[in-house]
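Reading through the structure tokens given below for one structure.
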Amino acid sequence: MAEEGSNTLFFLNGVLIQNGATEHAFFDIKARKHTGQSLQVSLYTADIPPIPVKYTDELHTAFFLESNVGFSTVRYRVAEATFKGSMMAKEKPCKGGKFLSIMSDSAEWHFMKQPNQVPDEPSPNSYSPDNPTIWILYFISIRVPSHEAKKFISKLTKCTKG
């Protein structure tokens with residue numbers, strides 16, 4: 001979504017980098033304001049390709065607010081988070097062993113079990129080197145730091161209205 005200002009057009013986009021090499025861009029990003037006393041905003045998306053994640057993988061995601069005018073691009077990093085595949089070993093799958101949600105201080109990462117690997121009984125651990133279940137990332141939500149939210153809230157609100 002885009003926001004038009006005086007002569008400026010802003011839009012949200014994101015980048016997901018897997019193991020420092022493979023990069024995926026996405027554009028369907030929404031904002032969610034949390035209720036509470038302080039300003040808390042999360043940016044989230046499901047506009048990502050189905051990425052298989054292994055115990056040894058590392059995912060880095062960043063959300064940007066961008067403006068392009070002529071040949072000039074202004075890009076603000078609004079929020080970012082890193083996920084290490086080893087975090088999956090600490091969580092138990094839910095909904096019959098088919099889904100896995102992992103929360104960190106700054107983000108939520110949601111996975112579903114690769115369809116051809118859904119067993120009759122959920123495995124005791126969601127993933128470990130001894131249990132090579134493959135999880136597919138399908139949803140990311142990252143909390144925007146409050147100082148960034150205050151700086152960009154008017155643009156974020158206008159960019160994500162649908």
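Residues are named by chain letter and number: chains run A, B, ... in the order of the structure tokens, numbers start at 1 in each chain, and ligands are numbered from 1 in the order shown.
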
Contacts between stretch 11-18 of chain A and stretch 69-103 of chain A, please, where a residue of stretch 69-103 of chain A counts if it comes within 12 Å (with only C-alpha atoms); show its shortest atom pair and distance in Å to one decimal, rows by chain and ascending number, as a Markdown table.
```
| residue | atom | partner | partner_atom | distance |
| --- | --- | --- | --- | --- |
| A:Thr73 | CA | A:Phe11 | CA | 11.5 |
| A:Val74 | CA | A:Phe11 | CA | 10.7 |
| A:Arg75 | CA | A:Leu12 | CA | 9.6 |
| A:Tyr76 | CA | A:Leu12 | CA | 9.6 |
| A:Arg77 | CA | A:Gly14 | CA | 9.3 |
| A:Val78 | CA | A:Leu12 | CA | 9.3 |
| A:Ala79 | CA | A:Gly14 | CA | 9.5 |
| A:Glu80 | CA | A:Gly14 | CA | 9.3 |
| A:Ala81 | CA | A:Leu16 | CA | 9.8 |
| A:Thr82 | CA | A:Ile17 | CA | 9.4 |
| A:Phe83 | CA | A:Gln18 | CA | 9.6 |
| A:Lys84 | CA | A:Gln18 | CA | 10.0 |
| A:Gly85 | CA | A:Gln18 | CA | 10.5 |
```

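For the pair atom CA of A:Ser86 and atom CA of A:Ser104, the separation is 12.9 Å.
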
Taking only residues of stretch 16-47 of chain A that have an atom at most 12 Å from an atom of stretch 51-58 of chain A, what is each one's shortest atom pair and its distance in Å to one decimal, using only C-alpha atoms, in chain and number order, as CSV?
```
residue,atom,partner,partner_atom,distance
A:Leu16,CA,A:Ile51,CA,10.1
A:Ile17,CA,A:Glu58,CA,8.2
A:Gln18,CA,A:Glu58,CA,5.9
A:Asn19,CA,A:Glu58,CA,5.0
A:Gly20,CA,A:Glu58,CA,7.7
A:Ala21,CA,A:Glu58,CA,10.2
A:Thr22,CA,A:Ile51,CA,10.5
A:Glu23,CA,A:Ile51,CA,11.0
A:His24,CA,A:Ile51,CA,9.7
A:Ala46,CA,A:Ile51,CA,11.6
A:Asp47,CA,A:Ile51,CA,11.4
```

Could you dump the residues just selected with N, CA and C atoms as a PDB file, in the first residue's frame?
```pdb
ATOM      1  N   LEU A  16      13.571 -10.892   3.313  1.00  0.00           N
ATOM      2  CA  LEU A  16      13.883 -12.055   4.132  1.00  0.00           C
ATOM      3  C   LEU A  16      15.152 -12.671   3.554  1.00  0.00           C
ATOM      4  N   ILE A  17      16.178 -12.794   4.381  1.00  0.00           N
ATOM      5  CA  ILE A  17      17.452 -13.370   3.936  1.00  0.00           C
ATOM      6  C   ILE A  17      17.668 -14.667   4.693  1.00  0.00           C
ATOM      7  N   GLN A  18      17.870 -15.740   3.941  1.00  0.00           N
ATOM      8  CA  GLN A  18      18.076 -17.061   4.542  1.00  0.00           C
ATOM      9  C   GLN A  18      19.553 -17.413   4.471  1.00  0.00           C
ATOM     10  N   ASN A  19      20.153 -17.657   5.632  1.00  0.00           N
ATOM     11  CA  ASN A  19      21.560 -18.053   5.754  1.00  0.00           C
ATOM     12  C   ASN A  19      22.521 -17.070   5.088  1.00  0.00           C
ATOM     13  N   GLY A  20      22.171 -15.804   5.095  1.00  0.00           N
ATOM     14  CA  GLY A  20      23.049 -14.773   4.561  1.00  0.00           C
ATOM     15  C   GLY A  20      23.204 -14.792   3.055  1.00  0.00           C
ATOM     16  N   ALA A  21      22.421 -15.610   2.364  1.00  0.00           N
ATOM     17  CA  ALA A  21      22.617 -15.737   0.919  1.00  0.00           C
ATOM     18  C   ALA A  21      21.329 -15.553   0.119  1.00  0.00           C
ATOM     19  N   THR A  22      20.348 -16.395   0.347  1.00  0.00           N
ATOM     20  CA  THR A  22      19.113 -16.359  -0.428  1.00  0.00           C
ATOM     21  C   THR A  22      18.236 -15.220   0.072  1.00  0.00           C
ATOM     22  N   GLU A  23      17.806 -14.341  -0.837  1.00  0.00           N
ATOM     23  CA  GLU A  23      17.018 -13.175  -0.456  1.00  0.00           C
ATOM     24  C   GLU A  23      15.661 -13.202  -1.140  1.00  0.00           C
ATOM     25  N   HIS A  24      14.618 -12.927  -0.353  1.00  0.00           N
ATOM     26  CA  HIS A  24      13.252 -12.863  -0.857  1.00  0.00           C
ATOM     27  C   HIS A  24      12.682 -11.492  -0.497  1.00  0.00           C
ATOM     28  N   ALA A  46       2.207 -12.429   5.350  1.00  0.00           N
ATOM     29  CA  ALA A  46       2.190 -13.834   4.954  1.00  0.00           C
ATOM     30  C   ALA A  46       2.589 -13.909   3.481  1.00  0.00           C
ATOM     31  N   ASP A  47       3.061 -12.789   2.952  1.00  0.00           N
ATOM     32  CA  ASP A  47       3.451 -12.665   1.539  1.00  0.00           C
ATOM     33  C   ASP A  47       4.893 -13.128   1.348  1.00  0.00           C
TER      34      ASP A  47
END
```

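We find atom CA of A:Asp28 and atom CA of A:Gly70 to be spaced 23.2 Å apart.
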
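Considering only C-alpha atoms, the residue among A:Ala31, A:Val69, A:Ile102, A:Ile142 positioned nearest to A:Lys90 is A:Ile102.
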
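Among the candidates A:Phe71, A:Tyr44, A:Trp109, A:Phe10, the residue lying nearest to A:Val144 is A:Tyr44 (atoms considered: only C-alpha atoms).
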
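Ranking A:Thr133, A:Gln40, A:Ser72, A:Thr35 by their shortest atom-to-atom distance to A:Ser106, with only C-alpha atoms included, puts A:Gln40 first.
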
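Closest to A:Leu137 among A:Met103, A:Ile48, A:Met87, A:Pro115 is A:Ile48, based on only C-alpha atoms.
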
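Here atom CA of A:Ser67 stands at a distance of 25.9 Å from atom CA of A:His34.
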